[in-house]
>>> print(open('start.tsv').read())   # TSV, C-alpha atoms
chain	number	residue	atom	x	y	z
A	1	MET	CA	-142.73	141.87	22.27
A	2	LYS	CA	-141.99	142.88	25.86
A	3	THR	CA	-138.66	141.02	25.84
A	4	LYS	CA	-137.56	142.69	22.60
A	5	LEU	CA	-138.53	146.13	23.94
A	6	MET	CA	-136.67	145.44	27.20
A	7	VAL	CA	-133.51	144.39	25.31
A	8	ILE	CA	-133.67	147.54	23.21
A	9	LEU	CA	-134.13	149.77	26.28
A	10	VAL	CA	-131.26	148.09	28.16
A	11	ALA	CA	-128.98	148.39	25.12
A	12	PHE	CA	-129.93	152.05	24.71
A	13	ALA	CA	-129.26	152.75	28.41
A	14	PHE	CA	-125.90	150.96	28.18
A	15	ILE	CA	-124.84	152.94	25.09
A	16	MET	CA	-125.94	156.22	26.72
A	17	ALA	CA	-124.00	155.39	29.89
A	18	ILE	CA	-120.83	154.67	27.93
A	19	GLY	CA	-121.19	157.71	25.69
A	20	CYS	CA	-122.14	160.20	28.39
A	21	SER	CA	-119.66	159.22	31.09
A	22	VAL	CA	-116.54	160.85	29.61
A	23	VAL	CA	-114.95	163.04	32.27
A	24	SER	CA	-111.78	165.09	32.09
A	25	ALA	CA	-110.13	167.49	34.49
A	26	ALA	CA	-107.01	169.56	34.89
A	27	ASN	CA	-104.03	168.30	36.82
A	28	PRO	CA	-104.59	168.90	40.54
A	29	LEU	CA	-102.29	171.17	42.49
A	30	PRO	CA	-99.84	169.28	44.66
A	31	ALA	CA	-100.10	169.79	48.39
A	32	SER	CA	-98.00	172.74	49.53
A	33	ASN	CA	-95.17	172.43	51.99
A	34	GLY	CA	-96.71	175.05	54.23
A	35	THR	CA	-100.14	175.27	55.75
A	36	SER	CA	-102.48	178.17	56.26
A	37	GLU	CA	-105.20	178.55	58.80
A	38	ILE	CA	-107.95	181.11	59.10
A	39	SER	CA	-110.36	181.25	62.01
A	40	VAL	CA	-113.35	183.57	62.21
A	41	TYR	CA	-115.52	183.83	65.29
A	42	ILE	CA	-118.46	186.21	65.48
A	43	THR	CA	-120.90	186.65	68.30
A	44	ALA	CA	-123.63	189.27	68.38
A	45	ASN	CA	-126.65	190.06	70.51
A	46	ALA	CA	-129.29	192.42	69.15
A	47	GLN	CA	-132.75	193.70	69.87
A	48	GLY	CA	-134.74	194.31	66.71
A	49	SER	CA	-132.75	193.22	63.65
A	50	LEU	CA	-129.35	191.85	62.70
A	51	LYS	CA	-127.52	191.57	59.39
A	52	SER	CA	-124.30	189.57	59.00
A	53	ASP	CA	-122.33	189.12	55.77
A	54	THR	CA	-119.32	186.81	55.74
A	55	ASP	CA	-117.19	186.34	52.62
A	56	ILE	CA	-114.00	184.29	52.73
A	57	VAL	CA	-111.95	183.53	49.61
A	58	PHE	CA	-108.78	181.44	49.82
A	59	THR	CA	-106.55	180.95	46.78
A	60	GLN	CA	-103.54	178.66	46.68
A	61	GLY	CA	-101.30	178.07	43.70
A	62	ASN	CA	-97.96	176.83	42.50
A	63	GLY	CA	-96.91	180.16	40.97
A	64	ASN	CA	-97.14	183.89	41.52
A	65	LEU	CA	-100.75	184.65	42.40
A	66	LEU	CA	-100.31	188.40	41.89
A	67	ASN	CA	-100.29	188.16	38.08
A	68	ASN	CA	-103.18	185.72	37.59
A	69	PRO	CA	-105.06	185.34	35.35
A	70	PRO	CA	-103.67	184.42	32.89
A	71	LEU	CA	-101.96	181.30	34.17
A	72	ASP	CA	-98.56	180.34	32.80
A	73	ALA	CA	-98.85	177.59	30.19
A	74	ASN	CA	-95.99	175.62	31.79
A	75	GLY	CA	-98.21	173.90	34.36
A	76	GLU	CA	-99.07	176.80	36.65
A	77	GLY	CA	-102.34	176.27	38.46
A	78	GLN	CA	-104.40	177.66	41.25
A	79	ALA	CA	-107.21	176.42	43.44
A	80	THR	CA	-109.77	178.73	44.98
A	81	ILE	CA	-112.34	177.98	47.63
A	82	ALA	CA	-114.95	180.46	48.76
A	83	TYR	CA	-117.50	180.70	51.53
A	84	VAL	CA	-120.28	183.26	51.33
A	85	GLU	CA	-122.99	183.70	53.91
A	86	LYS	CA	-125.72	186.30	54.21
A	87	THR	CA	-127.74	186.24	57.43
A	88	VAL	CA	-130.69	188.52	58.14
A	89	ALA	CA	-132.74	188.37	61.32
A	90	THR	CA	-135.67	190.67	62.03
A	91	SER	CA	-138.06	191.37	64.87
A	92	GLY	CA	-137.09	190.16	68.28
A	93	THR	CA	-134.14	189.33	70.46
A	94	ILE	CA	-131.29	187.81	68.48
A	95	ASN	CA	-128.35	185.84	69.86
A	96	TYR	CA	-126.01	185.01	66.97
A	97	THR	CA	-122.80	182.99	67.07
A	98	GLN	CA	-120.73	181.93	64.09
A	99	SER	CA	-117.46	179.99	64.01
A	100	ILE	CA	-115.53	179.23	60.80
A	101	ASP	CA	-112.21	177.39	60.63
A	102	LEU	CA	-110.21	176.90	57.44
A	103	ASP	CA	-107.08	174.74	57.66
A	104	THR	CA	-105.04	173.63	54.65
A	105	ALA	CA	-103.01	171.05	56.54
A	106	VAL	CA	-103.17	167.54	55.08
A	107	ARG	CA	-105.01	165.20	57.43
A	108	GLY	CA	-105.04	161.42	57.41
A	109	ASN	CA	-103.31	159.09	54.99
A	110	ARG	CA	-102.01	160.41	51.73
A	111	ILE	CA	-101.05	158.46	48.61
A	112	GLN	CA	-97.66	159.51	47.28
A	113	SER	CA	-96.64	158.98	43.67
>>> encode(input="start.tsv", output="structure tokens")
Amino acid sequence: MKTKLMVILVAFAFIMAIGCSVVSAANPLPASNGTSEISVYITANAQGSLKSDTDIVFTQGNGNLLNNPPLDANGEGQATIAYVEKTVATSGTINYTQSIDLDTAVRGNRIQS
């Protein structure tokens, strides 16, 4: 009885793994010829309270980004990364330092097709 139940459970798990593992995605954007770099450095000292909001959004595409959306159906694409941080400190002496670097240069080995 235990062997039959185990076989059924393993078969069920196998069928679920095959049926649920279908993944599809859009074509990735090719690496651009140019690179962009953004650096943000914030330092603050406060007595009492401190509030810091940092929002960075970087969009890169292979078409005109001024008219998007909608994207052109001929293979136009765009990639967007975002960083959002909300920091609140209350009561006391606050020494706050933040450093953010964003660099789109390709690093390391790259597979070419």
>>> atom_distance(input="start.tsv", atom1="atom CA of Gln47 of chain A", atom2="atom CA of Lys86 of chain A")
18.7 Å
>>> residues_around(input="start.tsv", residues="Ser91 of chain A", least_positions_apart="4", cutoff="10 Å", atoms="all atoms listed in the file", output="mmCIF file with C-alpha atoms, in the coordinates of the input")
data_model
loop_
_atom_site.group_PDB
_atom_site.id
_atom_site.type_symbol
_atom_site.label_atom_id
_atom_site.label_comp_id
_atom_site.auth_asym_id
_atom_site.auth_seq_id
_atom_site.Cartn_x
_atom_site.Cartn_y
_atom_site.Cartn_z
ATOM 1 C CA ALA A 46 -129.290 192.420 69.150
ATOM 2 C CA GLN A 47 -132.750 193.700 69.870
ATOM 3 C CA GLY A 48 -134.740 194.310 66.710
ATOM 4 C CA SER A 49 -132.750 193.220 63.650
ATOM 5 C CA LEU A 50 -129.350 191.850 62.700
#
>>> closest_residue(input="start.tsv", among="A:Ile94, A:Val10, A:Leu102, A:Val57", to="Val40 of chain A", atoms="all atoms listed in the file")
A:Leu102
>>> residues_near_point(input="start.tsv", point="(-102.6, 179.1, 36.3)", cutoff="12 Å", atoms="all atoms listed in the file", output="ChimeraX atom specification")
/A:26-29,59-80
>>> atom_distance(input="start.tsv", atom1="atom CA of Thr87 of chain A", atom2="atom CA of Glu37 of chain A")
23.9 Å
>>> closest_residue(input="start.tsv", among="A:Tyr96, A:Tyr41, A:Phe12, A:Tyr83", to="Thr54 of chain A", atoms="only C-alpha atoms")
A:Tyr83
>>> residues_near_point(input="start.tsv", point="(-124.7, 185.6, 57.9)", cutoff="9 Å", atoms="all atoms listed in the file", output="JSON, numbers by chain")
{"A": [51, 52, 53, 54, 84, 85, 86, 87, 88, 98]}
>>> atom_distance(input="start.tsv", atom1="atom CA of Ser39 of chain A", atom2="atom CA of Thr104 of chain A")
11.9 Å
